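For reference, target-v8.cif (mmCIF, C-alpha atoms):
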```
data_protein
#
loop_
_atom_site.label_atom_id
_atom_site.label_comp_id
_atom_site.auth_asym_id
_atom_site.auth_seq_id
_atom_site.Cartn_x
_atom_site.Cartn_y
_atom_site.Cartn_z
CA MET H 1 0.00 0.00 0.00
CA ALA H 2 2.74 2.45 0.99
CA LYS H 3 4.61 1.31 -2.13
CA ASP H 4 1.65 2.21 -4.34
CA ILE H 5 1.36 5.66 -2.75
CA VAL H 6 5.07 6.42 -3.25
CA ALA H 7 4.89 5.14 -6.83
CA GLY H 8 1.80 7.25 -7.46
CA ILE H 9 3.49 10.38 -6.09
CA PHE H 10 6.53 9.85 -8.34
CA CYS H 11 4.34 9.28 -11.42
CA CYS H 12 2.24 12.37 -10.65
CA VAL H 13 5.37 14.50 -10.25
CA GLY H 14 6.61 13.17 -13.59
CA THR H 15 3.31 13.96 -15.28
CA LEU H 16 3.38 17.46 -13.76
CA PHE H 17 6.81 18.05 -15.29
CA PHE H 18 5.54 16.82 -18.66
CA ILE H 19 2.60 19.24 -18.46
CA ILE H 20 4.92 22.11 -17.51
CA GLY H 21 7.33 21.21 -20.29
CA THR H 22 4.60 21.03 -22.92
CA THR H 23 3.13 24.34 -21.79
CA GLY H 24 6.57 25.92 -21.99
CA LEU H 25 7.15 24.45 -25.45
CA LEU H 26 3.90 25.98 -26.70
CA ARG H 27 4.08 29.34 -24.91
CA MET H 28 7.77 30.34 -24.96
CA PRO H 29 8.71 32.96 -27.56
CA ASP H 30 11.85 31.61 -29.28
CA LEU H 31 13.93 28.49 -29.86
CA PHE H 32 16.34 28.88 -26.97
CA THR H 33 13.69 29.46 -24.33
CA ARG H 34 11.63 26.60 -25.76
CA LEU H 35 14.62 24.32 -25.53
CA HIS H 36 14.79 24.90 -21.80
CA PRO H 37 11.34 23.48 -20.80
CA SER H 38 11.33 20.77 -23.44
CA THR H 39 14.56 19.23 -22.18
CA LYS H 40 13.17 19.28 -18.64
CA CYS H 41 10.38 16.96 -19.89
CA ASP H 42 12.81 14.19 -20.76
CA THR H 43 15.09 14.41 -17.76
CA LEU H 44 12.86 15.21 -14.79
CA GLY H 45 9.49 14.06 -16.14
CA ALA H 46 10.38 10.74 -17.72
CA CYS H 47 12.90 9.89 -15.01
CA SER H 48 10.44 10.36 -12.18
CA VAL H 49 7.81 8.33 -14.01
CA ILE H 50 10.39 5.55 -14.39
CA VAL H 51 11.39 5.83 -10.72
CA GLY H 52 7.70 5.50 -9.84
CA MET H 53 7.44 2.37 -11.99
CA ALA H 54 10.57 0.95 -10.36
CA VAL H 55 9.09 1.49 -6.89
CA HIS H 56 5.81 -0.09 -7.97
CA ASN H 57 7.62 -3.06 -9.49
CA GLY H 58 9.77 -3.91 -6.47
CA TRP H 59 13.01 -5.88 -6.63
CA SER H 60 13.28 -7.88 -9.85
CA TRP H 61 15.32 -8.10 -13.03
CA ASP H 62 13.02 -5.53 -14.60
CA LEU H 63 14.73 -2.93 -12.41
CA LEU H 64 17.88 -3.41 -14.47
CA LYS H 65 15.95 -2.69 -17.68
CA LEU H 66 14.47 0.44 -16.13
CA ALA H 67 17.94 1.57 -15.03
CA PHE H 68 19.22 1.10 -18.59
CA ILE H 69 16.27 3.07 -19.95
CA VAL H 70 17.04 5.94 -17.54
CA CYS H 71 20.73 5.91 -18.54
CA PHE H 72 20.01 6.07 -22.26
CA LEU H 73 17.25 8.63 -21.82
CA LEU H 74 19.58 10.95 -19.91
CA LEU H 75 22.45 10.49 -22.38
CA SER H 76 20.42 10.87 -25.55
CA SER H 77 18.16 13.74 -24.48
CA ALA H 78 21.09 15.76 -23.14
CA THR H 79 22.92 15.21 -26.43
CA CYS H 80 19.86 16.23 -28.44
CA GLY H 81 19.44 19.43 -26.45
CA HIS H 82 23.12 20.22 -26.89
CA ALA H 83 23.02 19.59 -30.65
CA ILE H 84 19.90 21.71 -31.22
CA GLY H 85 21.13 24.60 -29.06
CA ARG H 86 24.64 24.62 -30.51
CA SER H 87 23.39 24.46 -34.08
CA ALA H 88 20.92 27.28 -33.48
CA LEU H 89 23.59 29.45 -31.81
CA ARG H 90 26.14 28.91 -34.61
CA ARG H 91 23.54 29.72 -37.27
CA ASN H 92 22.81 33.06 -35.56
CA ILE H 93 19.14 32.34 -35.13
CA PRO H 94 17.75 35.56 -33.63
CA TYR H 95 16.75 35.33 -30.03
CA TRP H 96 13.86 36.98 -28.33
CA LYS H 97 14.22 40.39 -26.66
CA LYS H 98 11.83 42.48 -24.66
CA LYS H 99 10.14 45.13 -26.79
CA GLU H 100 11.46 48.23 -24.96
CA ALA H 101 14.99 46.79 -24.67
CA ASN H 102 14.88 46.22 -28.44
CA GLU H 103 14.34 49.94 -29.10
CA ASP H 104 17.37 50.88 -27.01
CA GLY H 105 19.45 48.41 -28.97
CA HIS H 106 20.40 46.50 -25.88
CA GLY H 107 19.61 42.91 -25.05
CA ALA H 108 17.22 42.24 -22.22
CA MET C 1 -17.39 27.83 -60.04
CA LYS C 2 -14.49 25.65 -58.99
CA LYS C 3 -15.30 26.21 -55.32
CA VAL C 4 -18.97 25.31 -55.84
CA ALA C 5 -17.98 22.10 -57.61
CA ALA C 6 -15.56 21.20 -54.82
CA LEU C 7 -18.22 21.93 -52.21
CA LEU C 8 -20.77 19.77 -54.03
CA PHE C 9 -18.29 16.93 -54.36
CA ILE C 10 -17.33 17.10 -50.68
CA SER C 11 -20.99 17.17 -49.57
CA ALA C 12 -21.79 14.16 -51.72
CA LEU C 13 -18.77 12.36 -50.26
CA ALA C 14 -19.81 13.30 -46.72
CA VAL C 15 -23.35 11.98 -47.26
CA LEU C 16 -21.96 8.73 -48.65
CA LEU C 17 -19.48 8.30 -45.77
CA LEU C 18 -22.08 9.12 -43.11
CA TYR C 19 -24.46 6.61 -44.70
CA VAL C 20 -21.76 3.95 -44.52
CA VAL C 21 -20.96 4.83 -40.90
CA ALA C 22 -24.65 4.57 -39.98
CA SER C 23 -24.82 1.06 -41.40
CA MET C 24 -21.76 -0.16 -39.49
CA PRO C 25 -22.33 -2.87 -36.85
CA PRO C 26 -22.60 -1.55 -33.28
CA MET C 27 -19.43 -1.52 -31.23
CA GLY C 28 -18.85 -4.40 -28.83
CA ASP C 29 -21.67 -6.55 -30.24
CA PRO C 30 -20.77 -10.26 -29.92
CA ASP C 31 -22.34 -10.89 -33.36
CA ASN C 32 -19.85 -8.55 -35.06
CA PRO C 33 -17.73 -10.02 -37.83
CA THR C 34 -14.64 -9.25 -35.74
CA ALA C 35 -15.86 -11.54 -32.97
CA THR C 36 -17.37 -14.39 -34.96
CA HIS C 37 -15.07 -15.64 -37.72
CA VAL C 38 -11.40 -16.49 -37.22
CA ILE C 39 -10.48 -14.19 -34.34
CA PRO C 40 -11.81 -16.44 -31.51
CA ARG C 41 -9.83 -19.34 -32.96
CA TYR C 42 -6.65 -17.21 -33.13
CA LEU C 43 -7.05 -16.12 -29.54
CA GLU C 44 -8.01 -19.50 -28.11
CA ARG C 45 -5.77 -21.92 -29.98
CA ALA C 46 -2.79 -19.88 -31.21
CA GLU C 47 -0.46 -21.14 -28.50
CA GLU C 48 -1.11 -24.86 -29.01
CA GLU C 49 -1.22 -24.62 -32.80
CA THR C 50 1.68 -22.26 -33.55
CA HIS C 51 3.75 -22.87 -30.36
CA THR C 52 4.45 -19.14 -30.08
CA VAL C 53 3.53 -17.45 -26.81
CA ASN C 54 2.86 -14.16 -28.59
CA VAL C 55 -0.42 -14.43 -30.49
CA VAL C 56 0.49 -11.56 -32.82
CA THR C 57 3.59 -13.39 -34.03
CA GLY C 58 1.58 -16.57 -34.37
CA VAL C 59 -0.94 -14.81 -36.61
CA ILE C 60 1.62 -12.89 -38.66
CA LEU C 61 4.13 -15.67 -39.30
CA ASN C 62 2.03 -18.80 -39.10
CA TYR C 63 -1.69 -18.36 -39.77
CA ARG C 64 -1.18 -15.51 -42.24
CA GLY C 65 2.29 -16.36 -43.49
CA TYR C 66 1.33 -15.74 -47.12
CA ASP C 67 0.18 -12.24 -46.25
CA THR C 68 3.44 -11.39 -44.47
CA MET C 69 5.44 -12.84 -47.33
CA GLY C 70 3.59 -10.47 -49.64
CA GLU C 71 4.43 -7.52 -47.39
CA VAL C 72 8.07 -8.48 -47.32
CA THR C 73 8.04 -8.69 -51.11
CA VAL C 74 6.52 -5.20 -51.25
CA ILE C 75 9.41 -3.86 -49.14
CA PHE C 76 11.90 -5.54 -51.45
CA CYS C 77 10.10 -4.05 -54.47
CA ALA C 78 10.32 -0.60 -52.85
CA LEU C 79 14.09 -1.00 -52.66
CA ALA C 80 14.18 -2.19 -56.26
CA ALA C 81 12.17 0.86 -57.38
CA VAL C 82 14.42 3.28 -55.46
CA LEU C 83 17.53 1.68 -56.92
CA ALA C 84 16.00 1.71 -60.42
CA VAL C 85 15.50 5.48 -60.16
CA LEU C 86 18.57 6.55 -58.21
CA GLY C 87 21.01 3.83 -59.17
CA ARG C 88 23.28 1.68 -57.07
CA GLU C 89 26.76 2.78 -56.08
CA ARG C 90 29.41 1.10 -58.17
CA ARG C 91 31.38 -1.76 -56.74
CA GLY C 92 34.82 -0.85 -55.45
CA VAL C 93 34.19 2.90 -55.60
CA ILE C 94 33.73 4.68 -52.30
CA HIS C 95 31.21 7.47 -52.57
CA GLY C 96 30.93 10.31 -50.18
CA PHE C 97 28.36 12.95 -49.59
CA VAL C 98 29.19 16.60 -49.31
CA ASP C 99 28.44 17.88 -45.84
CA ARG C 100 26.76 21.17 -46.68
CA SER C 101 25.60 21.88 -43.14
CA GLU C 102 26.86 25.17 -41.74
CA VAL C 103 27.58 23.66 -38.37
CA PRO C 104 29.60 20.44 -38.29
CA ALA C 105 28.65 17.90 -35.64
CA SER C 106 30.31 18.56 -32.32
CA VAL C 107 32.62 16.21 -30.44
CA ILE C 108 29.89 15.51 -27.89
CA VAL C 109 27.42 14.36 -30.53
CA LYS C 110 30.04 12.23 -32.30
CA THR C 111 31.11 10.56 -29.07
CA MET C 112 27.55 9.88 -28.01
CA VAL C 113 26.55 8.42 -31.38
CA ARG C 114 29.66 6.22 -31.40
CA PHE C 115 28.76 5.06 -27.88
CA MET C 116 25.04 4.50 -28.49
CA VAL C 117 24.89 2.83 -31.91
CA PRO C 118 26.22 -0.57 -30.70
CA PHE C 119 23.64 -0.58 -27.90
CA ILE C 120 20.87 0.34 -30.32
CA ILE C 121 21.86 -2.57 -32.56
CA LEU C 122 22.04 -4.88 -29.51
CA PHE C 123 18.53 -3.80 -28.55
CA SER C 124 17.24 -4.52 -32.04
CA VAL C 125 18.78 -8.00 -31.93
CA TYR C 126 16.90 -8.53 -28.66
CA THR C 127 13.71 -7.28 -30.31
CA ILE C 128 14.12 -9.64 -33.25
CA LEU C 129 14.99 -12.76 -31.23
CA HIS C 130 12.29 -12.19 -28.61
CA GLY C 131 9.62 -11.60 -31.24
CA GLU C 132 7.92 -14.94 -30.67
CA THR C 133 7.58 -14.54 -26.89
CA SER C 134 7.17 -10.80 -26.31
CA PRO C 135 6.09 -7.75 -28.30
CA GLY C 136 8.53 -7.05 -31.08
CA GLY C 137 9.70 -8.95 -34.10
CA GLY C 138 11.55 -8.75 -37.34
CA PHE C 139 9.94 -5.64 -38.81
CA GLN C 140 10.48 -3.58 -35.66
CA GLY C 141 14.03 -4.79 -35.07
CA GLY C 142 14.98 -4.18 -38.69
CA ALA C 143 13.55 -0.67 -38.52
CA VAL C 144 15.60 0.02 -35.37
CA ILE C 145 18.81 -1.10 -37.10
CA GLY C 146 17.90 1.10 -40.07
CA GLY C 147 17.35 4.04 -37.72
CA SER C 148 20.73 3.53 -36.07
CA MET C 149 22.37 3.50 -39.51
CA ILE C 150 20.58 6.78 -40.35
CA ILE C 151 21.99 8.40 -37.19
CA PHE C 152 25.48 7.07 -37.90
CA THR C 153 25.42 8.18 -41.54
CA THR C 154 24.18 11.70 -40.81
CA ILE C 155 26.88 12.22 -38.18
CA PHE C 156 29.88 10.42 -39.68
CA GLY C 157 29.10 10.60 -43.39
CA LEU C 158 28.53 8.05 -46.11
CA TYR C 159 32.19 7.14 -46.43
CA GLU C 160 32.47 5.83 -42.89
CA SER C 161 29.14 3.99 -42.84
CA SER C 162 29.42 2.40 -46.28
CA ARG C 163 32.87 1.17 -45.27
CA ARG C 164 31.27 -0.63 -42.32
CA ILE C 165 28.40 -2.16 -44.31
CA PRO C 166 29.88 -2.53 -47.80
CA LEU C 167 27.86 -3.37 -50.87
CA LYS C 168 29.07 -6.96 -50.97
CA VAL C 169 27.52 -7.55 -47.54
CA ARG C 170 24.32 -5.65 -48.21
CA ALA C 171 23.49 -7.01 -51.64
CA PRO C 172 23.03 -10.69 -50.62
CA LEU C 173 21.23 -9.83 -47.38
CA GLU C 174 18.64 -7.50 -48.91
CA GLY C 175 16.58 -10.48 -50.02
CA ALA C 176 16.99 -12.27 -46.68
CA ALA C 177 13.36 -11.71 -45.68
CA VAL C 178 11.93 -13.17 -48.88
CA MET C 179 14.52 -15.92 -48.90
CA GLY C 180 13.80 -16.87 -45.28
CA PHE C 181 10.13 -17.24 -46.03
CA PHE C 182 10.86 -19.16 -49.20
CA LEU C 183 13.28 -21.50 -47.40
CA VAL C 184 10.87 -22.33 -44.57
CA GLY C 185 7.96 -22.62 -47.00
CA SER C 186 9.91 -25.01 -49.23
CA LEU C 187 10.87 -27.11 -46.19
CA GLY C 188 7.14 -27.54 -45.65
CA LEU C 189 6.76 -28.68 -49.28
CA VAL C 190 9.67 -31.13 -48.96
CA GLY C 191 8.18 -32.50 -45.75
CA GLY C 192 4.96 -33.35 -47.57
CA GLY C 193 2.78 -30.51 -46.33
CA ASN C 194 1.67 -27.31 -47.98
CA PHE C 195 3.80 -24.23 -48.60
CA LEU C 196 4.48 -22.33 -45.33
CA THR C 197 2.51 -24.62 -43.05
CA TYR C 198 5.18 -25.60 -40.48
CA ALA C 199 3.85 -29.16 -40.70
CA TRP C 200 5.84 -31.98 -42.24
CA PRO C 201 3.53 -35.03 -42.40
CA ARG C 202 6.13 -37.06 -44.34
CA VAL C 203 8.67 -36.70 -41.51
CA ALA C 204 6.63 -36.78 -38.34
CA GLN C 205 2.99 -36.70 -37.35
CA GLY C 206 3.36 -33.44 -35.50
CA LEU C 207 6.56 -31.43 -35.47
CA HIS C 208 8.25 -30.98 -32.13
CA PRO C 209 7.12 -27.59 -30.72
CA SER C 210 10.68 -26.33 -30.29
CA LEU C 211 11.41 -27.01 -33.98
CA VAL C 212 8.38 -24.95 -35.01
CA VAL C 213 9.62 -22.13 -32.76
CA TRP C 214 13.07 -22.33 -34.36
CA LEU C 215 11.56 -22.12 -37.84
CA THR C 216 9.57 -19.07 -36.73
CA VAL C 217 12.74 -17.49 -35.35
CA LEU C 218 14.50 -18.21 -38.66
CA VAL C 219 11.80 -16.34 -40.58
CA GLU C 220 11.93 -13.55 -37.99
CA VAL C 221 15.71 -13.14 -38.29
CA GLY C 222 15.35 -13.11 -42.08
CA ILE C 223 12.77 -10.33 -41.89
CA GLY C 224 14.95 -8.35 -39.47
CA LEU C 225 18.16 -8.60 -41.50
CA GLY C 226 16.39 -8.01 -44.80
CA GLY C 227 14.47 -5.00 -43.50
CA ALA C 228 17.61 -3.46 -41.98
CA MET C 229 19.63 -3.89 -45.18
CA VAL C 230 16.80 -2.57 -47.38
CA LEU C 231 16.50 0.56 -45.21
CA THR C 232 20.27 1.07 -45.24
CA SER C 233 20.48 0.65 -49.00
CA ILE C 234 17.63 3.11 -49.61
CA LEU C 235 19.36 5.60 -47.29
CA PHE C 236 22.70 5.19 -49.07
CA ALA C 237 21.08 5.55 -52.49
CA MET C 238 19.28 8.73 -51.44
CA ILE C 239 22.17 10.40 -49.62
CA ARG C 240 24.84 9.54 -52.19
CA GLU C 241 26.07 12.30 -54.46
CA GLU C 242 27.61 11.89 -57.85
CA GLU C 243 30.90 13.59 -57.13
CA GLU C 244 33.33 11.14 -55.65
CA ILE C 245 35.24 12.46 -52.71
CA ALA C 246 38.68 11.28 -51.86
CA PRO C 247 38.61 9.64 -48.46
CA ALA C 248 39.98 11.88 -45.76
CA SER C 249 43.28 10.08 -45.30
#
```
Reformat the file's structure so that it appears as C-alpha cells.
Amino acid sequence: MAKDIVAGIFCCVGTLFFIIGTTGLLRMPDLFTRLHPSTKCDTLGACSVIVGMAVHNGWSWDLLKLAFIVCFLLLSSATCGHAIGRSALRRNIPYWKKKEANEDGHGA
Amino acid sequence: MKKVAALLFISALAVLLLYVVASMPPMGDPDNPTATHVIPRYLERAEEETHTVNVVTGVILNYRGYDTMGEVTVIFCALAAVLAVLGRERRGVIHGFVDRSEVPASVIVKTMVRFMVPFIILFSVYTILHGETSPGGGFQGGAVIGGSMIIFTTIFGLYESSRRIPLKVRAPLEGAAVMGFFLVGSLGLVGGGNFLTYAWPRVAQGLHPSLVVWLTVLVEVGIGLGGAMVLTSILFAMIREEEEIAPAS
C-alpha cells in the first residue's frame, strides 16, 4: 500500500513536469527558451515516471531494464538538447528580446 | 465555379461516408464479424497450434504467413524501385556525400553516437529474437537497425558507414526476408505438407514444438536482416552524391 502511494506520487510529479514542459514548449517565444522546458520533460518528467514504476515493481530483473532506460534517456536527451542549441547558436538564429529593450538596442 | 464544384463533391462524399458509418455494426456486439469468424480461434488456440507465446507473431508468421510474405516482397520491391530510379553505387568505388551543413557535428554528438549505436543494434537484436515470446519482431528490429544507420550516416558521413556495411555484404542480405520465407515454406513442401505450413507429415505426425519455434525465429531473423539492409540501401542511395570524394586520409 505504501509502495503504491510512493509510486503514485513519483508518477504524478513526472506527469506534472511533462505538463509544464509542454506548456513551456507551446508558450515560450523563441527556440532557446523553448529548448529549456522541453529538455526538462525528458530528464525530470520521464525519469520520475520511471522511478515510480521501479518502486511499484519492487526488486526484480526488470529494475535493471528500467535503469538502462534511464541511462540512455539521460544520455540521448542531453545530447539532443546540446546539438539543437549549438546548431541554433552557430547559425545566428535571432533570439527573443523584450520590446522596450529592443528599441534601445540593448539585449534584455 | 471551382469552389462550388468542390463543395458539391465534398458534400456528396460526406453523405456517402455518413451513410456507410450509420450502417456499421454496433461496437462491442458479440455478433460482429470481428468476434465471430477467425479471431476467436486465433485467440483460443494460437499457442497450441503455432507454439508461439505471442499471439500476434503466431498470426503474422504462421496463420497468415502468405500475407506477411507479400508484405516483405513489397518492401523488397520498394528497394528495387528506389535503386532503379537513383542507381546503385558502383562496386569498389567509395562514394561520399558533401556535408553542406553550416555547423559540423560537435565532439559531444560524435562521441555519443559512437557510444550508443552498438547498444541500439544490440537492442534490435533482442527485439528480433524475442519476437515470438514478447512484443517485437523482425519488422520492428529491422527498422531500429535502419534508424541507427541513419543516425550514424548523418553524423559520420557516407564514407564511414558504407565502409562498415559494404555493398558486398548488403546485396546478398537484402533479399533475406523473402529468402527466409521461401526456405521455410519449401521445407514444408519437402516434408509433404503445404507451402508455409510448419507441418511436415512425411517426416513426423506433428513437429516438435521447439522445432516450429526455431523455424519461426529463422523467418523472424530473415525479416529483421532483410528489413535493416533494405532501409540502409535506400538511405545510401538517397544520400549519395555523384561527385566522388577522396577519403579523408
What residues in chain C lie within 12 Å of chain H, counting only C-alpha atoms, written as JSON, numbers by chain? {"C": [101, 102, 103, 104, 105, 106, 107, 108, 109, 110, 111, 112, 113, 114, 115, 116, 117, 119, 120, 123, 151, 155]}
Include C-alpha atoms and write out the residues we just selected as a tab-separated table (two decimals), in the frame of the given file.
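Produced file part_14.tsv, reproduced below:
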```tsv
chain	number	residue	atom	x	y	z
C	101	SER	CA	25.60	21.88	-43.14
C	102	GLU	CA	26.86	25.17	-41.74
C	103	VAL	CA	27.58	23.66	-38.37
C	104	PRO	CA	29.60	20.44	-38.29
C	105	ALA	CA	28.65	17.90	-35.64
C	106	SER	CA	30.31	18.56	-32.32
C	107	VAL	CA	32.62	16.21	-30.44
C	108	ILE	CA	29.89	15.51	-27.89
C	109	VAL	CA	27.42	14.36	-30.53
C	110	LYS	CA	30.04	12.23	-32.30
C	111	THR	CA	31.11	10.56	-29.07
C	112	MET	CA	27.55	9.88	-28.01
C	113	VAL	CA	26.55	8.42	-31.38
C	114	ARG	CA	29.66	6.22	-31.40
C	115	PHE	CA	28.76	5.06	-27.88
C	116	MET	CA	25.04	4.50	-28.49
C	117	VAL	CA	24.89	2.83	-31.91
C	119	PHE	CA	23.64	-0.58	-27.90
C	120	ILE	CA	20.87	0.34	-30.32
C	123	PHE	CA	18.53	-3.80	-28.55
C	151	ILE	CA	21.99	8.40	-37.19
C	155	ILE	CA	26.88	12.22	-38.18
```
Long-range neighbours of segment 164-181 of chain C as a short mmCIF file (atom, residue, chain, number, x, y, z; two decimals) with C-alpha atoms, in the frame of the given file, 8 Å cut-off, all atoms listed in the file, 2 positions minimum in chain:
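Result file follows (selection07.cif):
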```cif
data_model
loop_
_atom_site.label_atom_id
_atom_site.label_comp_id
_atom_site.auth_asym_id
_atom_site.auth_seq_id
_atom_site.Cartn_x
_atom_site.Cartn_y
_atom_site.Cartn_z
CA MET C 69 5.44 -12.84 -47.33
CA VAL C 72 8.07 -8.48 -47.32
CA THR C 73 8.04 -8.69 -51.11
CA PHE C 76 11.90 -5.54 -51.45
CA ARG C 91 31.38 -1.76 -56.74
CA GLU C 160 32.47 5.83 -42.89
CA SER C 161 29.14 3.99 -42.84
CA SER C 162 29.42 2.40 -46.28
CA LEU C 183 13.28 -21.50 -47.40
CA VAL C 184 10.87 -22.33 -44.57
CA GLY C 185 7.96 -22.62 -47.00
CA LEU C 196 4.48 -22.33 -45.33
CA LEU C 218 14.50 -18.21 -38.66
CA VAL C 219 11.80 -16.34 -40.58
CA VAL C 221 15.71 -13.14 -38.29
CA GLY C 222 15.35 -13.11 -42.08
CA ILE C 223 12.77 -10.33 -41.89
CA GLY C 224 14.95 -8.35 -39.47
CA LEU C 225 18.16 -8.60 -41.50
CA GLY C 226 16.39 -8.01 -44.80
CA GLY C 227 14.47 -5.00 -43.50
CA MET C 229 19.63 -3.89 -45.18
CA VAL C 230 16.80 -2.57 -47.38
CA SER C 233 20.48 0.65 -49.00
#
```
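Note that atom CA of Arg41 of chain C and atom CA of Pro135 of chain C are 20.2 Å apart.
The smallest atom-to-atom distance between Gly8 of chain H and any of H:Cys41, H:Leu25, H:Ile20, H:Met53, using only C-alpha atoms, is found for H:Met53.
Nearest to Val70 of chain H of all the residues H:Asn92, H:Ser48, H:Thr15, H:Thr39 is H:Ser48, based on all atoms listed in the file.
Interatomic distance, atom CA of Lys3 of chain H against atom CA of Phe18 of chain H: 22.7 Å.
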Identify which of the residues H:Ile50, H:Gly21, H:Phe10, H:Ile93 lies closest to His36 of chain H, counting all atoms listed in the file when measuring atom-to-atom distances. H:Gly21
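Atom CA of Arg45 of chain C lies 15.6 Å from atom CA of Thr133 of chain C.
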Could you spell out the hits of the PyMOL selection byres ((chain C and resi 199) around 12) on the shown file, as an NGL selection string? :C and (49-50 or 62 or 184-198 or 200-209 or 211-212 or 215)
Output file for the residues above (C-alpha atoms, as a compact mmCIF listing (two decimals), in the coordinates of the input):
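Writing the result to out-v2.txt gives the following:
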```
# COMPACT_ATOMS: atom_id res chain seq x y z
CA GLU C 49 -1.22 -24.62 -32.80
CA THR C 50 1.68 -22.26 -33.55
CA ASN C 62 2.03 -18.80 -39.10
CA VAL C 184 10.87 -22.33 -44.57
CA GLY C 185 7.96 -22.62 -47.00
CA SER C 186 9.91 -25.01 -49.23
CA LEU C 187 10.87 -27.11 -46.19
CA GLY C 188 7.14 -27.54 -45.65
CA LEU C 189 6.76 -28.68 -49.28
CA VAL C 190 9.67 -31.13 -48.96
CA GLY C 191 8.18 -32.50 -45.75
CA GLY C 192 4.96 -33.35 -47.57
CA GLY C 193 2.78 -30.51 -46.33
CA ASN C 194 1.67 -27.31 -47.98
CA PHE C 195 3.80 -24.23 -48.60
CA LEU C 196 4.48 -22.33 -45.33
CA THR C 197 2.51 -24.62 -43.05
CA TYR C 198 5.18 -25.60 -40.48
CA TRP C 200 5.84 -31.98 -42.24
CA PRO C 201 3.53 -35.03 -42.40
CA ARG C 202 6.13 -37.06 -44.34
CA VAL C 203 8.67 -36.70 -41.51
CA ALA C 204 6.63 -36.78 -38.34
CA GLN C 205 2.99 -36.70 -37.35
CA GLY C 206 3.36 -33.44 -35.50
CA LEU C 207 6.56 -31.43 -35.47
CA HIS C 208 8.25 -30.98 -32.13
CA PRO C 209 7.12 -27.59 -30.72
CA LEU C 211 11.41 -27.01 -33.98
CA VAL C 212 8.38 -24.95 -35.01
CA LEU C 215 11.56 -22.12 -37.84
```
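Take the candidates H:Gly24, H:Pro29, H:Pro37, H:Gly45 and check each one against Cys12 of chain H using all atoms listed in the file; the shortest distance goes to H:Gly45.
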Would you translate the PyMOL selection byres ((chain C and resi 145) around 8) into the concrete set of residues it matches in this file, as a PDB file with C-alpha atoms, in the frame of the given file?
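Written out: result-v6.pdb:
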```pdb
ATOM      1  CA  ILE C 120      20.870   0.340 -30.320  1.00  0.00           C
ATOM      2  CA  ILE C 121      21.860  -2.570 -32.560  1.00  0.00           C
ATOM      3  CA  SER C 124      17.240  -4.520 -32.040  1.00  0.00           C
ATOM      4  CA  GLY C 141      14.030  -4.790 -35.070  1.00  0.00           C
ATOM      5  CA  GLY C 142      14.980  -4.180 -38.690  1.00  0.00           C
ATOM      6  CA  ALA C 143      13.550  -0.670 -38.520  1.00  0.00           C
ATOM      7  CA  VAL C 144      15.600   0.020 -35.370  1.00  0.00           C
ATOM      8  CA  GLY C 146      17.900   1.100 -40.070  1.00  0.00           C
ATOM      9  CA  GLY C 147      17.350   4.040 -37.720  1.00  0.00           C
ATOM     10  CA  SER C 148      20.730   3.530 -36.070  1.00  0.00           C
ATOM     11  CA  MET C 149      22.370   3.500 -39.510  1.00  0.00           C
ATOM     12  CA  ALA C 228      17.610  -3.460 -41.980  1.00  0.00           C
TER      13      ALA C 228
END
```
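Proximity of H:Leu35, H:Cys11, H:Leu26, H:Leu64 to Val49 of chain H, computed with all atoms listed in the file, is greatest for H:Cys11.
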Skip Gly131 of chain C itself and residues of its chain fewer than 5 positions away, then list as a list in words all residues within 12 Å of it, counting all atoms listed in the file. Thr52, Val53, Asn54, Val55, Val56, Thr57, Gly58, Ile60, Leu61, Ser124, Val125, Tyr126, Gly136, Gly137, Gly138, Phe139, Gln140, Gly141, Gly142, Val213, Trp214, Thr216, Val217, Leu218, Val219, Glu220, Val221, Ile223 and Gly224 of chain C
